[in-house]
Every structure is written in C-alpha cells, then in structure tokens.
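data-v6.txt (compact mmCIF, C-alpha atoms and all ligand atoms)
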# COMPACT_ATOMS: atom_id res chain seq x y z
CA MET A 799 84.48 106.35 92.02
CA ASN A 800 85.38 109.42 94.01
CA ILE A 801 87.94 111.05 91.72
CA LYS A 802 88.08 114.20 89.63
CA ARG A 803 88.60 113.66 85.95
CA LYS A 804 90.43 116.15 83.76
CA LYS A 805 91.63 116.11 80.21
CA GLY A 806 95.23 115.53 79.40
CA TRP A 807 96.11 113.57 82.52
CA GLU A 808 97.86 110.75 80.78
CA ILE A 809 101.50 110.95 79.88
CA PRO A 810 102.90 108.49 77.37
CA GLU A 811 105.05 105.61 78.60
CA SER A 812 107.98 107.27 76.85
CA GLN A 813 107.62 110.31 79.10
CA ALA A 814 107.35 108.62 82.52
CA THR A 815 110.99 109.39 83.23
CA PRO A 816 112.95 110.11 80.08
CA GLU A 817 116.64 109.35 80.36
CA THR A 818 117.59 113.00 79.98
CA VAL A 819 115.31 113.88 82.87
CA PHE A 820 116.82 111.35 85.23
CA ARG A 821 120.34 112.39 84.24
CA ASN A 822 119.61 116.10 84.72
CA ARG A 823 117.64 115.46 87.85
CA ARG A 824 120.40 113.38 89.42
CA ARG A 825 122.80 116.29 88.79
CA PHE A 826 120.32 118.70 90.26
CA LEU A 827 119.80 116.60 93.38
CA THR A 828 123.47 115.91 93.86
CA ALA A 829 124.03 119.62 93.87
CA GLY A 830 121.87 119.73 96.96
CA ALA A 831 119.16 121.75 95.33
CA ALA A 832 116.29 119.30 95.85
CA GLY A 833 113.13 121.33 96.08
CA ALA A 834 109.76 120.32 97.40
CA LEU A 835 108.53 117.16 95.73
CA ALA A 836 104.94 116.33 95.02
CA LEU A 837 102.66 115.02 97.75
CA GLY A 838 105.16 114.26 100.43
CA GLY A 839 107.45 112.25 98.18
CA GLY A 840 110.46 114.27 99.21
CA ALA A 841 109.62 115.11 102.79
CA TYR A 842 109.24 113.18 106.00
CA LEU A 843 107.97 113.83 109.49
CA ALA A 844 109.91 114.15 112.68
CA ILE A 845 108.66 113.22 116.14
CA GLY A 846 108.28 116.31 118.30
CA GLN A 847 109.49 116.56 121.89
CA GLY A 848 106.07 115.72 123.26
CA GLY A 849 106.05 112.55 121.20
CA ASP A 850 103.59 113.95 118.66
CA ALA A 851 104.25 113.68 114.98
CA VAL A 852 105.17 117.12 113.70
CA ALA A 853 105.33 117.88 110.00
CA GLN A 854 108.72 119.24 109.00
CA ALA A 855 109.68 119.67 105.39
CA GLN A 856 112.87 117.62 105.68
CA PRO A 857 114.46 116.47 102.45
CA ASP A 858 114.20 112.73 102.00
CA PRO A 859 117.73 111.36 102.56
CA SER A 860 117.24 108.94 99.65
CA ALA A 861 116.16 111.64 97.16
CA GLY A 862 119.53 111.57 95.36
CA LEU A 863 118.93 107.94 94.31
CA TYR A 864 116.09 108.95 91.97
CA PRO A 865 115.29 108.75 89.17
CA ALA A 866 116.82 105.32 88.56
CA PRO A 867 117.40 103.90 85.07
CA ARG A 868 114.34 102.29 83.54
CA SER A 869 114.24 98.61 82.64
CA MET A 870 112.83 98.21 79.13
CA ARG A 871 111.92 94.57 79.80
CA TYR A 872 108.49 95.41 81.21
CA ARG A 873 106.30 97.19 78.66
CA LEU A 874 102.87 98.71 79.04
CA ASP A 875 99.92 98.42 76.69
CA ARG A 876 98.50 101.74 77.92
CA GLU A 877 99.51 105.20 79.02
CA VAL A 878 101.20 105.78 82.36
CA THR A 879 98.66 107.11 84.86
CA GLU A 880 99.23 110.73 85.69
CA GLU A 881 101.05 111.24 88.99
CA LYS A 882 98.42 113.43 90.57
CA VAL A 883 95.81 110.76 89.90
CA SER A 884 97.69 107.75 91.27
CA THR A 885 98.95 109.65 94.31
CA THR A 886 95.53 110.91 95.35
CA TYR A 887 93.44 107.76 94.79
CA ASN A 888 94.78 105.23 97.26
CA ASN A 889 93.91 102.32 99.48
CA PHE A 890 95.70 102.59 102.82
CA TYR A 891 93.22 101.52 105.48
CA GLU A 892 95.55 102.55 108.30
CA PHE A 893 94.59 106.13 107.36
CA GLY A 894 90.91 105.52 106.60
CA THR A 895 88.65 103.58 104.31
CA SER A 896 88.18 106.23 101.60
CA LYS A 897 90.45 106.69 98.59
CA ASN A 898 91.26 110.20 99.76
CA ILE A 899 93.82 109.48 102.48
CA TRP A 900 96.89 111.16 101.02
CA GLN A 901 96.83 114.11 103.41
CA ALA A 902 96.21 111.95 106.50
CA ALA A 903 99.13 109.72 105.47
CA GLN A 904 101.56 112.64 105.70
CA LYS A 905 101.51 112.14 109.49
CA LEU A 906 103.52 108.95 109.18
CA PRO A 907 107.18 109.44 110.22
CA ILE A 908 109.37 107.60 107.71
CA ARG A 909 112.83 108.34 109.17
CA PRO A 910 114.33 106.69 111.02
CA TRP A 911 112.81 103.52 109.50
CA GLN A 912 114.01 100.04 110.16
CA VAL A 913 113.00 96.68 108.76
CA LYS A 914 113.34 93.61 110.93
CA ILE A 915 114.26 90.43 109.09
CA ASP A 916 113.60 87.32 111.16
CA GLY A 917 112.27 83.78 111.31
CA LEU A 918 113.96 80.99 109.36
CA VAL A 919 117.09 82.93 108.40
CA ALA A 920 120.80 82.36 108.94
CA LYS A 921 120.91 85.41 111.24
CA GLU A 922 118.10 87.72 112.29
CA MET A 923 118.79 91.39 111.60
CA VAL A 924 117.35 94.89 111.74
CA VAL A 925 118.20 96.95 108.66
CA ASP A 926 117.94 100.71 108.40
CA ILE A 927 116.16 101.68 105.18
CA ASP A 928 119.00 103.94 104.00
CA ASP A 929 121.57 101.19 104.63
CA LEU A 930 119.37 98.75 102.73
CA LEU A 931 119.15 101.18 99.80
CA LYS A 932 122.96 101.24 99.63
CA LYS A 933 123.08 97.45 99.21
CA VAL A 934 120.68 97.21 96.27
CA GLN A 935 120.45 98.40 92.69
CA LEU A 936 117.40 100.56 92.00
CA GLU A 937 115.61 100.43 88.65
CA GLU A 938 112.39 101.83 87.26
CA ARG A 939 109.73 99.46 85.94
CA LEU A 940 106.43 100.30 84.27
CA TYR A 941 103.77 97.90 85.56
CA ARG A 942 100.01 97.61 85.36
CA HIS A 943 98.46 97.77 88.85
CA ARG A 944 95.06 96.03 89.15
CA CYS A 945 92.97 96.42 92.30
CA VAL A 946 90.48 93.71 93.30
CA GLU A 947 87.87 96.52 93.20
CA ALA A 948 88.12 96.43 89.36
CA TRP A 949 90.06 99.64 88.79
CA SER A 950 93.60 99.83 87.48
CA MET A 951 96.52 102.16 86.91
CA ALA A 952 99.84 102.04 85.07
CA VAL A 953 102.66 103.04 87.35
CA PRO A 954 106.39 103.82 86.98
CA TRP A 955 107.63 102.12 90.16
CA THR A 956 111.23 102.35 91.28
CA GLY A 957 112.65 99.61 93.45
CA PHE A 958 114.73 96.46 93.53
CA PRO A 959 113.85 92.81 93.01
CA MET A 960 112.66 91.11 96.19
CA LYS A 961 115.16 88.38 95.30
CA ALA A 962 117.90 90.83 96.40
CA LEU A 963 116.27 91.14 99.83
CA VAL A 964 115.98 87.35 100.09
CA ASP A 965 119.70 87.09 99.27
CA ILE A 966 120.50 89.57 102.06
CA ALA A 967 118.26 87.69 104.51
CA GLN A 968 119.68 84.24 103.71
CA PRO A 969 116.64 82.11 104.59
CA THR A 970 117.26 78.50 105.57
CA SER A 971 116.02 75.66 103.37
CA ALA A 972 113.08 75.22 105.78
CA ALA A 973 111.59 78.59 104.72
CA LYS A 974 108.54 78.16 102.47
CA TYR A 975 106.88 81.57 102.78
CA VAL A 976 107.67 85.22 103.40
CA ARG A 977 105.36 87.10 105.74
CA MET A 978 105.42 90.90 105.65
CA GLU A 979 104.06 93.33 108.19
CA THR A 980 103.15 97.04 108.09
CA PHE A 981 103.86 99.49 110.96
CA ASN A 982 101.55 99.44 113.97
CA ARG A 983 101.01 103.13 114.86
CA PRO A 984 97.40 103.96 115.79
CA ASP A 985 98.80 107.22 117.25
CA VAL A 986 99.56 108.54 113.73
CA ALA A 987 97.29 106.30 111.63
CA SER A 988 93.81 106.77 113.04
CA GLY A 989 92.27 104.11 110.79
CA MET A 990 94.07 101.58 112.97
CA LYS A 991 91.69 102.42 115.79
CA ALA A 992 88.95 100.58 113.86
CA SER A 993 88.71 97.36 115.85
CA PHE A 994 86.80 95.55 113.09
CA TYR A 995 90.11 94.94 111.31
CA SER A 996 92.96 92.77 112.45
CA TRP A 997 95.98 95.11 112.64
CA PRO A 998 98.75 95.34 111.65
CA TYR A 999 98.37 94.73 107.90
CA ILE A 1000 99.99 91.40 106.98
CA GLU A 1001 100.71 89.88 103.59
CA GLY A 1002 102.59 86.86 102.39
CA LEU A 1003 104.13 85.14 99.39
CA THR A 1004 105.61 81.73 98.71
CA MET A 1005 109.38 81.64 98.31
CA ALA A 1006 108.92 81.01 94.58
CA GLU A 1007 106.72 84.12 94.32
CA ALA A 1008 109.08 86.23 96.43
CA THR A 1009 112.01 85.36 94.17
CA ASN A 1010 110.09 85.66 90.90
CA GLU A 1011 111.71 88.31 88.74
CA LEU A 1012 108.56 90.49 88.71
CA THR A 1013 108.35 90.84 92.49
CA LEU A 1014 109.57 94.30 93.37
CA MET A 1015 110.35 96.00 96.67
CA VAL A 1016 109.31 99.54 95.78
CA THR A 1017 110.85 102.66 97.27
CA GLY A 1018 110.09 105.24 94.59
CA ILE A 1019 107.63 106.31 91.95
CA TYR A 1020 107.67 108.81 89.04
CA GLY A 1021 111.42 109.15 89.50
CA LYS A 1022 111.13 110.26 93.13
CA PRO A 1023 111.01 108.69 96.58
CA LEU A 1024 107.71 106.94 97.27
CA PRO A 1025 105.10 109.26 98.80
CA LYS A 1026 103.71 108.23 102.15
CA GLN A 1027 100.22 107.49 100.86
CA MET A 1028 101.70 104.90 98.50
CA GLY A 1029 103.59 103.03 101.22
CA ALA A 1030 106.82 104.89 101.94
CA PRO A 1031 109.51 104.13 102.58
CA ILE A 1032 109.20 100.54 101.27
CA ARG A 1033 106.34 98.43 99.90
CA LEU A 1034 105.74 95.34 97.84
CA VAL A 1035 104.55 95.23 94.22
CA THR A 1036 103.39 91.95 92.62
CA PRO A 1037 101.75 93.07 89.36
CA TRP A 1038 100.10 89.73 88.50
CA LYS A 1039 98.14 89.74 91.76
CA TYR A 1040 95.33 91.96 92.98
CA GLY A 1041 96.65 95.14 94.55
CA PHE A 1042 95.83 94.16 98.14
CA LYS A 1043 98.85 91.84 98.07
CA CYS A 1044 101.07 94.92 97.63
CA ILE A 1045 101.61 95.62 101.32
CA LYS A 1046 102.74 99.17 102.16
CA SER A 1047 105.22 100.68 104.65
CA ILE A 1048 106.82 97.37 105.63
CA VAL A 1049 108.59 97.06 109.00
CA ARG A 1050 109.07 93.32 109.25
CA VAL A 1051 109.88 90.48 106.86
CA THR A 1052 109.64 86.99 108.37
CA PHE A 1053 110.66 83.76 106.68
CA THR A 1054 108.45 80.91 107.81
CA ASP A 1055 107.25 77.40 107.02
CA GLU A 1056 103.62 78.36 107.74
CA ARG A 1057 101.39 80.03 105.19
CA PRO A 1058 100.73 83.57 106.47
CA ARG A 1059 97.12 84.64 107.00
CA SER A 1060 96.86 88.05 105.42
CA PHE A 1061 94.95 91.11 106.64
CA TRP A 1062 92.14 90.67 104.13
CA GLU A 1063 91.97 86.92 104.51
CA VAL A 1064 91.45 87.35 108.26
CA SER A 1065 88.99 90.23 107.79
CA GLN A 1066 86.87 88.61 105.06
CA GLY A 1067 88.08 85.14 104.13
CA SER A 1068 85.06 84.37 101.94
CA GLU A 1069 86.14 87.15 99.53
CA TYR A 1070 89.93 87.44 99.82
CA GLY A 1071 92.47 84.66 99.98
CA PHE A 1072 96.19 84.02 99.99
CA TRP A 1073 96.87 83.71 96.25
CA ALA A 1074 94.82 86.57 94.76
CA ASN A 1075 96.06 86.08 91.20
CA VAL A 1076 94.19 88.21 88.67
CA ASN A 1077 91.68 86.23 86.60
CA PRO A 1078 88.93 87.86 84.51
CA ARG A 1079 86.90 84.64 84.49
CA VAL A 1080 86.61 84.33 88.27
CA SER A 1081 84.28 86.94 89.72
CA HIS A 1082 84.58 88.46 93.15
CA PRO A 1083 81.51 87.28 95.13
CA ARG A 1084 80.03 90.79 94.73
CA TRP A 1085 81.22 91.94 91.28
CA SER A 1086 82.69 90.79 87.98
CA GLN A 1087 86.44 90.83 87.36
CA ALA A 1088 86.02 90.61 83.56
CA SER A 1089 86.97 94.25 82.97
CA GLU A 1090 88.56 97.16 84.81
CA GLU A 1091 88.25 100.94 84.82
CA ILE A 1092 91.56 102.65 84.08
CA ILE A 1093 91.70 105.47 86.59
CA GLY A 1094 92.29 108.90 85.08
CA THR A 1095 90.84 108.13 81.65
CA GLY A 1096 87.33 109.42 82.10
CA GLY A 1097 85.86 106.01 82.82
CA LYS A 1098 87.50 103.95 80.08
CA ARG A 1099 87.10 100.20 80.71
CA VAL A 1100 89.30 97.51 79.22
CA PRO A 1101 89.12 93.70 79.45
CA THR A 1102 91.13 92.30 82.36
CA GLN A 1103 93.88 89.87 81.43
CA LEU A 1104 94.76 86.57 83.11
CA TYR A 1105 97.57 87.23 85.62
CA ASN A 1106 97.06 90.89 84.68
CA GLY A 1107 98.93 90.11 81.45
CA TYR A 1108 102.04 88.72 83.20
CA GLY A 1109 101.34 85.01 82.61
CA ASP A 1110 104.60 84.45 80.73
CA PHE A 1111 106.51 85.37 83.89
CA VAL A 1112 104.39 83.63 86.51
CA ALA A 1113 101.93 80.99 85.21
CA SER A 1114 104.37 78.11 85.57
CA MET A 1115 104.45 78.64 89.37
CA TYR A 1116 100.79 77.65 89.55
CA THR A 1117 100.33 74.70 87.18
CA ASP A 1118 100.51 72.00 89.86
CA LEU A 1119 98.71 74.08 92.47
CA GLU A 1120 95.73 74.55 90.18
CA LYS A 1121 95.44 70.80 89.72
CA SER A 1122 95.49 70.36 93.49
CA GLY A 1123 92.41 72.57 93.83
CA GLU A 1124 94.00 75.65 95.47
CA ARG A 1125 91.83 78.77 95.17
CA LEU A 1126 94.36 80.67 93.10
CA TRP A 1127 92.06 83.50 92.02
CA MET A 1128 90.84 85.04 95.25
N1 LIG A 1201 98.97 98.07 102.54
C1 LIG A 1201 98.59 98.49 103.75
N2 LIG A 1201 99.48 98.47 104.76
N3 LIG A 1201 97.34 98.94 104.01
C2 LIG A 1201 96.36 98.93 103.04
O1 LIG A 1201 95.22 99.32 103.30
N4 LIG A 1201 95.83 98.43 100.70
C3 LIG A 1201 96.12 97.49 99.62
C4 LIG A 1201 97.57 97.62 99.15
N5 LIG A 1201 98.47 97.69 100.27
C5 LIG A 1201 96.73 98.48 101.73
C6 LIG A 1201 98.07 98.08 101.51
C7 LIG A 1201 95.23 97.66 98.49
S1 LIG A 1201 93.62 97.11 98.70
C8 LIG A 1201 95.64 98.15 97.30
S2 LIG A 1201 94.64 98.14 95.93
C9 LIG A 1201 96.95 98.77 97.15
O2 LIG A 1201 97.68 98.80 98.37
C10 LIG A 1201 96.78 100.19 96.68
O3 LIG A 1201 98.02 100.75 96.39
P1 LIG A 1201 98.10 102.27 95.89
O4 LIG A 1201 97.26 103.09 96.82
O5 LIG A 1201 99.53 102.62 95.94
O6 LIG A 1201 97.54 102.28 94.49
So, in terms of structure tokens, how does the structure I just supplied come out?
Amino acid sequence: MNIKRKKGWEIPESQATPETVFRNRRRFLTAGAAGALALGGGAYLAIGQGGDAVAQAQPDPSAGLYPAPRSMRYRLDREVTEEKVSTTYNNFYEFGTSKNIWQAAQKLPIRPWQVKIDGLVAKEMVVDIDDLLKKVQLEERLYRHRCVEAWSMAVPWTGFPMKALVDIAQPTSAAKYVRMETFNRPDVASGMKASFYSWPYIEGLTMAEATNELTLMVTGIYGKPLPKQMGAPIRLVTPWKYGFKCIKSIVRVTFTDERPRSFWEVSQGSEYGFWANVNPRVSHPRWSQASEEIIGTGGKRVPTQLYNGYGDFVASMYTDLEKSGERLWM
C-alpha cells in the first residue's frame, strides 16, 4: 500500500467533531471568517475565459452548513481515521488509477453543480446542489468504510439520508432501481481518457436499498464540505457494501425498472457485480476478504464482518434474494 504511516494519526471517535467544535465553528463561519480548509474541502474551481479550469481559492458556498450535529445511532468499534490519511488515499479513477489522486482532483469545478433527476418520476427536474442542501437536514454519521481491495477506514461523513432525495424525486410505483452517474469531463479528469473503462462511472441500488436508513448522500466530511478527491459536491455512501458502490461526484439520478449495470460490472463482471455486499467468507477471485487492513494504523488487520457489521440494518433485505441464488457478495 502506497501510504506514509506516522504515529498518532488516529483521533478517538469522541473527537471527530465534538459538539463544542461544531458550535464554535458554525459561529466562526457565519461571521464570514472561513479560512482555507484542508485539501480543497473549502475551495472550488472556476472555469476561465478560455474554457480551462482555473484554480481559484473561492470559499465553498455550503461551508456554513458544517459541522452538522452527529447522530449517535451509528457507533464505531475503532478509531476514526485521521483526516490527512483518508483524504490522501483515494480511489477516483477519473483522475487516475493510483491512490494518490487528491491533487489532480482539485481541477474539478464543483460550482455551479446540478443534479438531474429523471426516469420513472412524477416530474423530471434539475436541482442545483445549494438548493438541494436547503431542502435537507444534514447530520454527521461515523461509519466503517470497507473497500473491495481489503483495506478500510472509519469516516465521519456528513450528509442526508437518500430517502430524503427519493421523497423529493417522487418516483412512480414502477421504479425498482436507482441508477446514479458521475460527471463526464475528460477535459479536467484525465483518467477518463483511458478507453479501457466504460465512462462515465455508474452505480445502482434497489429502491429498498436506496431508502434503507443507512444509505447516505454525503456532502461533507470531518465537519467540512467534502473535498473533491472524495467525491464533492455529492456522493453516495452505503457502508454495508464494498466501497466501489459509493459513487462520487453525482450529476444524475435516474429511477428505472431495469437493473443498472455499474462501471465495475461492465469493466470486469467476473470480479464485481451489482450487489457487492461485504462478506468475509466469500473471497474476491484474486484475494481473501476474511480480513482488512485499517489504513493509518501501521498495518493493523482486523477480521472483516458480514455486511461490514451492519447486518441488523440490512440483512432482511436479502433473505429471499439469497435463496433465489443471486450473487449477493460480489
Ligand atoms: N466513484 C467514482 N466516480 N469513481 C471512482 O473511481 N471509486 C470507488 C468509489 N466511488 C470511484 C467512485 C471505490 S473503488 C472506492 S473504494 C471508493 O469510491 C473510495 O472512496 P474514498 O476515496 O472516498 O475512500
């Protein structure tokens, strides 16, 4: 793994965003004194006159919404991963295949940003991200984040339940799945020039999964707006599934009666499927999923848990499907 390891990276769960910090910080931000935030979390890019992306240290217009109050319903069994670890060890193939894409990702303009909601809905719409943020209630949740590559992190995400987005979209009763799509900008994301992959990045969920209480539309992290390398301005987080389901920088949400074929399923269907639920007993064709390395701990490995430890919230969605022979674990 291509990461630096230092002592003292981990901060306890209790310190991810203490209440006093978010109160003080909100005051500070409201006063218009928002300074530079780590790794692009508080800045965005503007398009220059020639059409090129030009870095300008603009304050993120949503910065005043963070930190949001933390939900105590979702507890961790480990320390929160230190911010500089989780924000510099990323998968975002649009910007390259290495883990070290955080600088390249700063080229992505994230304002204006609109999300198209279409397909089997009462009325198709295009929502501006800052208007969407006004319609929802943000909260912080501490979740484990387990990549199919057998590494994991513990992350203080801020976002809103995807159920709230479904309520805004008003899908018809014919909708069985939600298909999500990432931006298509090879001009700023040079990884998208790799023709081996089927761009743009697509992911999908069943309606039951999309409206499960764990499913979060994430717009912030560590009490700040989401940095670009982690999928700003809006991404998905489904903590019981392998991380590749957590599609970043979403521009389109489509309600459909057809099961979406995701980016990884199209690219390598023998290794990655639609369901991708975490299961330590089902190996990836090329490696075991029995344990995982917790990034930022100097190589500490822990046993992986079924549904990444979230079975109480999600297992009932899969009981019948498992009997029907669906490949739930890849
Ligand atoms: N979304 C897009 N658009 N492009 C990607 O390459 N990588 C996925 C997922 N979402 C990816 C993506 C994978 S493989 C993982 S493990 C997680 O993002 C990584 O999220 P993180 O970098 O925020 O930890």
Practice task
Please identify the residues whose atoms come within 9 Å of ligand LIG 1201 (chain A), using all atoms listed in the file, and report them as a PyMOL selection string.
Solution key: chain A and resi 884-895+897+943-947+949-951+953+979-981+998-1001+1027-1029+1033-1035+1040-1048+1061-1062
Exercise for the section: Could you check how far atom CA of A:Met870 sits from atom CA of A:Thr1009, in Å to one decimal? Expected result: 19.8 Å
If I wrap all listed atoms of stretch 936-940 of chain A in a box with edges along x, y and z and add 8 Å on each side, what are its centre and edge lengths in Å to one decimal, as JSON?
{"center_x": 111.9, "center_y": 100.6, "center_z": 88.1, "size_x": 27.0, "size_y": 18.4, "size_z": 23.7}
For A:Val1112, find every residue with an atom within 10 Å (counting only C-alpha atoms), except residues of its own chain fewer than 3 positions away, and show them as a compact mmCIF listing (two decimals) with C-alpha atoms, in the frame of the given file.
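Wrote it out as around-v1.txt, contents follow:
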# COMPACT_ATOMS: atom_id res chain seq x y z
CA ALA A 1006 108.92 81.01 94.58
CA GLU A 1007 106.72 84.12 94.32
CA ASN A 1010 110.09 85.66 90.90
CA GLU A 1011 111.71 88.31 88.74
CA LEU A 1012 108.56 90.49 88.71
CA TRP A 1038 100.10 89.73 88.50
CA ASN A 1075 96.06 86.08 91.20
CA TYR A 1105 97.57 87.23 85.62
CA GLY A 1107 98.93 90.11 81.45
CA TYR A 1108 102.04 88.72 83.20
CA GLY A 1109 101.34 85.01 82.61
CA MET A 1115 104.45 78.64 89.37
CA TYR A 1116 100.79 77.65 89.55
CA THR A 1117 100.33 74.70 87.18
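Considering all atoms listed in the file, the residue among A:Pro1083, A:Gly862, A:Gly1018, A:Gly957 positioned nearest to A:Glu1069 is A:Pro1083.
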Problem - Spatial neighbours of A:Asp928, max dist 12 Å, only C-alpha atoms, sep filter under 4 positions, as an MDAnalysis selection string - result: chainID A and resid 858:863 908:913 932:934 1017 1023 1031:1032
Problem - Straight-line distance linking atom CA of A:Asn1106 with atom CA of A:Ala1008, stated in Å to one decimal - result: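 Taking atom CA of A:Asn1106 and atom CA of A:Ala1008, their separation equals 17.4 Å.
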Practice task
Counting all atoms listed in the file, write as a ChimeraX atom specification all protein and nucleic acid residues lying at most 10 Å from (114.8, 82.6, 104.0) in the file's frame.
Solution key: /A:915-921,963-976,1005,1051-1055
Practice task
In Å, rounded to a single decimal, give me how far atom CA of A:Gly1002 is from atom CA of A:Arg868.
Solution key: 27.0 Å
Exercise for the section: Please identify all polymer residues within 7 Å of A:Pro959, counting all atoms listed in the file, omitting same-chain residues fewer than 6 positions from it, and present them as an MDAnalysis selection string. Expected result: chainID A and resid 1011 1013:1015
Problem - Selected residue, from A:Ala948, A:Ser988, A:Trp955, A:Asp875, that lies nearest to A:Glu1090 when counting only C-alpha atoms - result: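 The closest residue to A:Glu1090 is A:Ala948.
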Exercise for the section: Could you tell me which of A:Thr1102, A:Thr1036, A:Asn982, A:Ser1089 comes closest to A:Leu1003 if we count all atoms listed in the file? Expected result: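 Answer, going by the shortest atom-to-atom distance: A:Thr1036.
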Please rebuild stretch 1083-1092 of chain A with all heavy atoms and give the result as a compact mmCIF listing (two decimals), in the coordinates of the input.
# COMPACT_ATOMS: atom_id res chain seq x y z
N PRO A 1083 82.89 87.63 94.76
CA PRO A 1083 81.51 87.28 95.13
C PRO A 1083 80.50 88.41 94.90
O PRO A 1083 79.32 88.17 94.70
CB PRO A 1083 81.61 86.95 96.62
CG PRO A 1083 83.02 86.55 96.84
CD PRO A 1083 83.84 87.30 95.82
N ARG A 1084 80.98 89.67 94.87
CA ARG A 1084 80.03 90.79 94.73
C ARG A 1084 80.15 91.55 93.42
O ARG A 1084 79.39 92.49 93.19
CB ARG A 1084 80.19 91.75 95.91
CG ARG A 1084 79.65 91.15 97.21
CD ARG A 1084 79.74 92.10 98.38
NE ARG A 1084 81.08 92.15 98.96
CZ ARG A 1084 81.70 93.27 99.29
NH1 ARG A 1084 81.13 94.43 99.08
NH2 ARG A 1084 82.92 93.22 99.81
N TRP A 1085 81.12 91.25 92.57
CA TRP A 1085 81.22 91.94 91.28
C TRP A 1085 82.07 91.13 90.30
O TRP A 1085 82.84 90.25 90.70
CB TRP A 1085 81.77 93.37 91.42
CG TRP A 1085 83.12 93.45 92.07
CD1 TRP A 1085 84.32 93.29 91.47
CD2 TRP A 1085 83.41 93.71 93.46
NE1 TRP A 1085 85.34 93.45 92.38
CE2 TRP A 1085 84.81 93.70 93.62
CE3 TRP A 1085 82.61 93.95 94.59
CZ2 TRP A 1085 85.44 93.91 94.84
CZ3 TRP A 1085 83.25 94.16 95.81
CH2 TRP A 1085 84.64 94.14 95.93
N SER A 1086 81.93 91.48 89.03
CA SER A 1086 82.69 90.79 87.98
C SER A 1086 84.14 91.30 87.94
O SER A 1086 84.40 92.46 88.23
CB SER A 1086 82.02 91.06 86.64
OG SER A 1086 82.90 90.71 85.58
N GLN A 1087 85.05 90.42 87.56
CA GLN A 1087 86.44 90.83 87.36
C GLN A 1087 86.78 90.84 85.86
O GLN A 1087 87.96 90.96 85.50
CB GLN A 1087 87.41 89.89 88.10
CG GLN A 1087 87.27 89.88 89.61
CD GLN A 1087 87.74 91.18 90.27
OE1 GLN A 1087 87.82 92.24 89.64
NE2 GLN A 1087 88.03 91.11 91.55
N ALA A 1088 85.76 90.74 85.00
CA ALA A 1088 86.02 90.61 83.56
C ALA A 1088 86.68 91.85 82.96
O ALA A 1088 87.46 91.75 82.02
CB ALA A 1088 84.71 90.33 82.84
N SER A 1089 86.37 93.02 83.51
CA SER A 1089 86.97 94.25 82.97
C SER A 1089 87.35 95.16 84.13
O SER A 1089 87.02 94.89 85.28
CB SER A 1089 85.98 94.96 82.04
OG SER A 1089 84.88 95.45 82.78
N GLU A 1090 88.06 96.23 83.78
CA GLU A 1090 88.56 97.16 84.81
C GLU A 1090 88.47 98.59 84.29
O GLU A 1090 88.61 98.83 83.08
CB GLU A 1090 90.01 96.83 85.17
CG GLU A 1090 90.97 97.05 84.01
CD GLU A 1090 92.21 96.15 84.05
OE1 GLU A 1090 92.06 94.93 84.24
OE2 GLU A 1090 93.32 96.69 83.87
N GLU A 1091 88.23 99.52 85.19
CA GLU A 1091 88.25 100.94 84.82
C GLU A 1091 89.67 101.46 85.01
O GLU A 1091 90.25 101.33 86.09
CB GLU A 1091 87.31 101.75 85.70
CG GLU A 1091 87.36 103.24 85.35
CD GLU A 1091 86.47 104.11 86.21
OE1 GLU A 1091 85.59 103.58 86.91
OE2 GLU A 1091 86.68 105.34 86.17
N ILE A 1092 90.22 102.05 83.95
CA ILE A 1092 91.56 102.65 84.08
C ILE A 1092 91.38 104.04 84.67
O ILE A 1092 90.79 104.93 84.04
CB ILE A 1092 92.29 102.72 82.73
CG1 ILE A 1092 92.36 101.32 82.09
CG2 ILE A 1092 93.69 103.29 82.93
CD1 ILE A 1092 93.11 101.29 80.77
